[in-house]
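Reviewing the structure listed below.
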Amino acid sequence: MGTFIQLVVDGLSTGSIYAALALAIVLVNQATGLINFAQGGMAVLSAYVAWAVYGWGVPLVVAILVAIVFSFLLGAVIERYLIRRFEGGDPDTAVVVTIGLLTLITGICAWIWTYNNRLFPSLFPLETVQIAGAVISVRSLGTFIVIVAMMGVLQALFIGTKLGLALRAVAINPHSSAFSGLPVGRLLMVGWGLAAVLGAVAGVLVAPQLTLTPGMMDSALVYALAACILGGLSSPVGVVVAAWLIGVLENLAAVYVPFIGHDLKIAVPFILIFVVLIIRPQGLFGRKAVVRV
């Protein structure tokens, strides 16, 4: 029983990392209707900025705040001067642009900081506590709490604020939104900026648990996209729950399913996607799109 609880706890901790990046992907999708494959690279760049500022002798919290401000400006600039040139056209073109942007940002990080592993300081203490026979690190617990808070804030943003409703309106129909008086261009910049902020938070949460490298978020991005498909791109709560589900089930499958093991546990989210999309194509928490003619 102790082993089972430990696997569940570790899965929730790992799933929280996937959830942080998935929330950023959802925010961009809700604001612009696009899926930003460069989100992982932007998160890594923000983590490097925080690491560099911290290396100048600045307190870690202040360094993270500087990285968050940098991330917001980076997201807004990317939307204004790059993505906007492809918005309103073929969505596949914009997706290819974000993939190219991911490659570019990864290359820039490698050029400036090389591919050497960097140790990123933890925002939370490195102590552990025991709960129901499971050993839980304070860092994992802190990450879990931060992700729950981000999920709640993002859900409240889209449902209960004028900004969130305006972002959703612009994503659904930018032309009608413009006729209604909404500043479409500024809203798109804000949406990308806020998503970059979520990515920065993901980066500074992941970096201490791994090592800071240009490709640090590559595998997390795959799991985050899987969580978005499973949970539904229209639901912040859904993608977080899906990310936790992926983290827990892949841990359990690696130990309790003999033919999977640790080598094939990456197949677990794709099996889940296959099953869920057959039953609910819109995802576990997604909404069906209704088109009226």
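Residue numbering restarts at 1 in every chain; chains get A, B, ... in the order shown in the structure tokens, and ligands count up from 1 in that same order.
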Quick one: everything within 7 Å of segment 179-190 of chain A, counting only C-alpha atoms, minus sequence neighbours fewer than 5 positions away in the same chain. Send it as a compact mmCIF listing (two decimals) with N, CA and C atoms, in the first residue's frame.
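Final output, saved to around_30.txt:
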# COMPACT_ATOMS: atom_id res chain seq x y z
N ALA A 31 -7.09 32.51 -26.37
CA ALA A 31 -6.95 33.91 -26.76
C ALA A 31 -6.83 34.09 -28.27
N THR A 32 -6.24 33.12 -28.97
CA THR A 32 -5.97 33.29 -30.39
C THR A 32 -6.50 32.16 -31.26
N ALA A 76 4.25 39.23 -25.87
CA ALA A 76 3.56 40.30 -26.57
C ALA A 76 4.28 40.67 -27.86
N GLU A 79 3.83 37.94 -30.57
CA GLU A 79 2.49 38.02 -31.19
C GLU A 79 2.40 39.19 -32.15
N ARG A 80 2.94 40.35 -31.70
CA ARG A 80 2.78 41.57 -32.49
C ARG A 80 3.57 41.54 -33.79
N LEU A 167 -11.04 37.96 -24.44
CA LEU A 167 -10.06 37.10 -25.09
C LEU A 167 -10.74 35.96 -25.82
N VAL A 170 -12.45 37.28 -29.00
CA VAL A 170 -11.48 37.56 -30.07
C VAL A 170 -11.02 36.27 -30.73
N PRO A 174 -12.63 37.28 -34.46
CA PRO A 174 -11.95 38.57 -34.30
C PRO A 174 -12.63 39.71 -35.06
Using only C-alpha atoms, determine which residues lie at most 9 Å from Pro208 of chain A, disregarding the query and same-chain residues fewer than 4 positions distant; provide the list as a PyMOL selection string. chain A and resi 119-123+204+212
Kindly export the residues of the current selection with N, CA and C atoms, as a CSV table (one decimal), in the first residue's frame.
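The result, stored in part_21.csv:
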chain,number,residue,atom,x,y,z
A,119,LEU,N,22.7,24.3,-12.7
A,119,LEU,CA,21.9,24.0,-11.5
A,119,LEU,C,21.0,25.3,-11.2
A,120,PHE,N,19.7,25.1,-11.1
A,120,PHE,CA,18.8,26.2,-10.8
A,120,PHE,C,18.3,26.1,-9.4
A,121,PRO,N,18.4,27.1,-8.6
A,121,PRO,CA,18.0,27.0,-7.2
A,121,PRO,C,16.5,26.8,-7.0
A,122,SER,N,16.1,26.1,-6.0
A,122,SER,CA,14.7,25.8,-5.7
A,122,SER,C,14.1,26.9,-5.0
A,123,LEU,N,12.9,27.2,-5.4
A,123,LEU,CA,12.1,28.2,-4.7
A,123,LEU,C,11.6,27.7,-3.4
A,204,VAL,N,10.6,27.9,-14.2
A,204,VAL,CA,11.3,28.0,-12.9
A,204,VAL,C,10.9,26.9,-11.9
A,212,LEU,N,18.9,22.8,-15.8
A,212,LEU,CA,18.6,23.8,-16.8
A,212,LEU,C,19.4,23.6,-18.0
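Counting only C-alpha atoms, the residue from A:Val95, A:Val53, A:Ala200, A:Met151 that sits nearest to Ala243 of chain A is A:Met151.
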Would you list the contacts of Ser140 of chain A as an mmCIF file with N, CA, C and O atoms, in the first residue's frame, taking every protein, DNA or RNA residue within 12 Å and counting only C-alpha atoms, but skipping same-chain residues closer than 5 positions in sequence?
data_model
loop_
_atom_site.group_PDB
_atom_site.id
_atom_site.type_symbol
_atom_site.label_atom_id
_atom_site.label_comp_id
_atom_site.auth_asym_id
_atom_site.auth_seq_id
_atom_site.Cartn_x
_atom_site.Cartn_y
_atom_site.Cartn_z
ATOM 1 N N VAL A 9 1.629 9.833 -5.383
ATOM 2 C CA VAL A 9 2.172 11.142 -4.998
ATOM 3 C C VAL A 9 3.219 11.612 -6.011
ATOM 4 O O VAL A 9 3.206 12.776 -6.446
ATOM 5 N N ASP A 10 4.122 10.720 -6.396
ATOM 6 C CA ASP A 10 5.141 11.083 -7.387
ATOM 7 C C ASP A 10 4.505 11.416 -8.732
ATOM 8 O O ASP A 10 4.968 12.321 -9.446
ATOM 9 N N GLY A 11 3.434 10.692 -9.081
ATOM 10 C CA GLY A 11 2.739 10.979 -10.332
ATOM 11 C C GLY A 11 2.071 12.339 -10.329
ATOM 12 O O GLY A 11 2.080 13.056 -11.337
ATOM 13 N N LEU A 12 1.488 12.717 -9.201
ATOM 14 C CA LEU A 12 0.882 14.046 -9.086
ATOM 15 C C LEU A 12 1.935 15.137 -9.204
ATOM 16 O O LEU A 12 1.698 16.191 -9.803
ATOM 17 N N SER A 13 3.099 14.883 -8.606
ATOM 18 C CA SER A 13 4.187 15.857 -8.699
ATOM 19 C C SER A 13 4.660 16.025 -10.137
ATOM 20 O O SER A 13 4.820 17.149 -10.630
ATOM 21 N N THR A 14 4.871 14.898 -10.833
ATOM 22 C CA THR A 14 5.295 14.963 -12.229
ATOM 23 C C THR A 14 4.199 15.566 -13.102
ATOM 24 O O THR A 14 4.464 16.372 -13.995
ATOM 25 N N GLY A 15 2.950 15.181 -12.840
ATOM 26 C CA GLY A 15 1.831 15.723 -13.607
ATOM 27 C C GLY A 15 1.674 17.218 -13.445
ATOM 28 O O GLY A 15 1.220 17.913 -14.365
ATOM 29 N N SER A 16 2.065 17.754 -12.292
ATOM 30 C CA SER A 16 1.988 19.197 -12.070
ATOM 31 C C SER A 16 2.920 19.951 -13.011
ATOM 32 O O SER A 16 2.626 21.065 -13.441
ATOM 33 N N ILE A 17 4.060 19.339 -13.333
ATOM 34 C CA ILE A 17 4.986 19.954 -14.298
ATOM 35 C C ILE A 17 4.333 20.019 -15.673
ATOM 36 O O ILE A 17 4.375 21.045 -16.355
ATOM 37 N N SER A 122 16.150 26.085 -5.988
ATOM 38 C CA SER A 122 14.748 25.768 -5.745
ATOM 39 C C SER A 122 14.071 26.888 -4.971
ATOM 40 O O SER A 122 14.641 27.457 -4.027
ATOM 41 N N LEU A 123 12.852 27.197 -5.394
ATOM 42 C CA LEU A 123 12.068 28.210 -4.692
ATOM 43 C C LEU A 123 11.555 27.696 -3.352
ATOM 44 O O LEU A 123 11.263 28.479 -2.447
ATOM 45 N N PHE A 124 11.470 26.380 -3.211
ATOM 46 C CA PHE A 124 10.943 25.758 -1.992
ATOM 47 C C PHE A 124 12.053 24.981 -1.287
ATOM 48 O O PHE A 124 13.029 24.569 -1.918
ATOM 49 N N PRO A 125 11.919 24.760 0.017
ATOM 50 C CA PRO A 125 12.938 23.990 0.757
ATOM 51 C C PRO A 125 13.057 22.571 0.221
ATOM 52 O O PRO A 125 12.121 22.011 -0.351
ATOM 53 N N LEU A 126 14.240 21.979 0.403
ATOM 54 C CA LEU A 126 14.499 20.633 -0.090
ATOM 55 C C LEU A 126 14.204 19.568 0.953
ATOM 56 O O LEU A 126 14.719 18.454 0.881
ATOM 57 N N GLU A 127 13.362 19.877 1.917
ATOM 58 C CA GLU A 127 13.017 18.940 2.974
ATOM 59 C C GLU A 127 11.915 17.997 2.500
ATOM 60 O O GLU A 127 11.306 18.198 1.445
ATOM 61 N N THR A 128 11.677 16.943 3.282
ATOM 62 C CA THR A 128 10.622 15.983 2.964
ATOM 63 C C THR A 128 9.715 15.784 4.165
ATOM 64 O O THR A 128 10.124 16.005 5.316
ATOM 65 N N VAL A 129 8.487 15.382 3.905
ATOM 66 C CA VAL A 129 7.529 15.062 4.959
ATOM 67 C C VAL A 129 6.902 13.712 4.622
ATOM 68 O O VAL A 129 6.867 13.294 3.458
ATOM 69 N N VAL A 135 6.676 9.421 1.165
ATOM 70 C CA VAL A 135 7.643 10.495 1.388
ATOM 71 C C VAL A 135 7.404 11.579 0.332
ATOM 72 O O VAL A 135 7.509 11.316 -0.869
ATOM 73 N N ILE A 145 0.758 23.015 -5.175
ATOM 74 C CA ILE A 145 -0.084 24.125 -4.716
ATOM 75 C C ILE A 145 -0.073 25.271 -5.734
ATOM 76 O O ILE A 145 -1.114 25.880 -6.021
ATOM 77 N N VAL A 146 1.100 25.565 -6.303
ATOM 78 C CA VAL A 146 1.193 26.632 -7.299
ATOM 79 C C VAL A 146 0.339 26.306 -8.521
ATOM 80 O O VAL A 146 -0.361 27.180 -9.054
ATOM 81 N N ILE A 147 0.378 25.042 -8.967
ATOM 82 C CA ILE A 147 -0.401 24.654 -10.141
ATOM 83 C C ILE A 147 -1.904 24.763 -9.866
ATOM 84 O O ILE A 147 -2.670 25.229 -10.714
ATOM 85 N N LEU A 205 9.701 26.268 -12.130
ATOM 86 C CA LEU A 205 9.303 25.135 -11.298
ATOM 87 C C LEU A 205 9.979 23.844 -11.738
ATOM 88 O O LEU A 205 10.325 22.987 -10.919
ATOM 89 N N VAL A 206 10.185 23.706 -13.056
ATOM 90 C CA VAL A 206 10.774 22.482 -13.592
ATOM 91 C C VAL A 206 12.292 22.471 -13.425
ATOM 92 O O VAL A 206 12.887 21.437 -13.091
ATOM 93 N N PRO A 208 14.555 23.395 -11.196
ATOM 94 C CA PRO A 208 15.217 22.817 -10.015
ATOM 95 C C PRO A 208 15.068 21.296 -9.924
ATOM 96 O O PRO A 208 15.915 20.627 -9.332
ATOM 97 N N GLN A 209 13.996 20.738 -10.494
ATOM 98 C CA GLN A 209 13.783 19.300 -10.414
ATOM 99 C C GLN A 209 14.592 18.551 -11.464
ATOM 100 O O GLN A 209 14.891 17.366 -11.301
#
Could you go through segment 30-252 of chain A and tell me which residues DSSP, when run on the backbone, assigns to alpha helix (DSSP H), listing them as a count of residues only? 159
Would you pick out the contacts of segment 33-39 of chain A at 6 Å or less, using only C-alpha atoms, so that residues sharing its chain but fewer than 4 positions from it are not included, and give the list as a VMD selection string? chain A and resid 29 98 to 99 101 to 102 171
Selected residue, from A:Val241, A:Ala202, A:Tyr48, A:Val26, that lies nearest to Thr114 of chain A when counting only C-alpha atoms: A:Tyr48
May I have the residues within 9 Å of Ala220 of chain A as an NGL selection string, using only C-alpha atoms and disregarding those fewer than 4 positions away in the same chain? :A and (17-18 or 21 or 40 or 216 or 224-225)
Output N, CA, C and O atoms for every residue in the selection just made, as a PDB file, in the first residue's frame.
ATOM      1  N   ILE A  17       4.060  19.339 -13.333  1.00  0.00           N
ATOM      2  CA  ILE A  17       4.986  19.954 -14.298  1.00  0.00           C
ATOM      3  C   ILE A  17       4.333  20.019 -15.673  1.00  0.00           C
ATOM      4  O   ILE A  17       4.375  21.045 -16.355  1.00  0.00           O
ATOM      5  N   TYR A  18       3.702  18.912 -16.078  1.00  0.00           N
ATOM      6  CA  TYR A  18       3.012  18.908 -17.371  1.00  0.00           C
ATOM      7  C   TYR A  18       1.869  19.930 -17.365  1.00  0.00           C
ATOM      8  O   TYR A  18       1.628  20.612 -18.366  1.00  0.00           O
ATOM      9  N   LEU A  21       2.757  23.754 -18.083  1.00  0.00           N
ATOM     10  CA  LEU A  21       2.939  24.078 -19.494  1.00  0.00           C
ATOM     11  C   LEU A  21       1.628  23.960 -20.256  1.00  0.00           C
ATOM     12  O   LEU A  21       1.351  24.744 -21.172  1.00  0.00           O
ATOM     13  N   GLY A  40       7.235  25.658 -24.850  1.00  0.00           N
ATOM     14  CA  GLY A  40       8.309  25.058 -24.060  1.00  0.00           C
ATOM     15  C   GLY A  40       9.606  25.834 -24.181  1.00  0.00           C
ATOM     16  O   GLY A  40      10.309  26.070 -23.189  1.00  0.00           O
ATOM     17  N   MET A 216      15.321  21.312 -21.987  1.00  0.00           N
ATOM     18  CA  MET A 216      14.739  20.860 -20.720  1.00  0.00           C
ATOM     19  C   MET A 216      13.250  20.545 -20.822  1.00  0.00           C
ATOM     20  O   MET A 216      12.758  19.595 -20.216  1.00  0.00           O
ATOM     21  N   ALA A 224       2.412  17.760 -22.071  1.00  0.00           N
ATOM     22  CA  ALA A 224       1.477  18.877 -21.924  1.00  0.00           C
ATOM     23  C   ALA A 224       0.463  18.893 -23.066  1.00  0.00           C
ATOM     24  O   ALA A 224      -0.734  19.130 -22.855  1.00  0.00           O
ATOM     25  N   LEU A 225       0.935  18.636 -24.284  1.00  0.00           N
ATOM     26  CA  LEU A 225       0.018  18.569 -25.425  1.00  0.00           C
ATOM     27  C   LEU A 225      -0.954  17.403 -25.275  1.00  0.00           C
ATOM     28  O   LEU A 225      -2.143  17.528 -25.611  1.00  0.00           O
TER      29      LEU A 225
END
Write out as a list in words each polymer residue whose atoms come within 12 Å of Ala63 of chain A, counting only C-alpha atoms; drop sequence neighbours fewer than 3 positions from it.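 Listed by chain and then number, they are Ser46, Ala47, Tyr48, Val49, Ala50, Trp51, Ala52, Val53, Tyr54, Gly55, Trp56, Gly57, Val58, Pro59, Leu60, Val66, Ala67, Ile68, Val69, Phe70, Phe120, Pro121, Leu123, Ala200, Val201 and Val204 of chain A.
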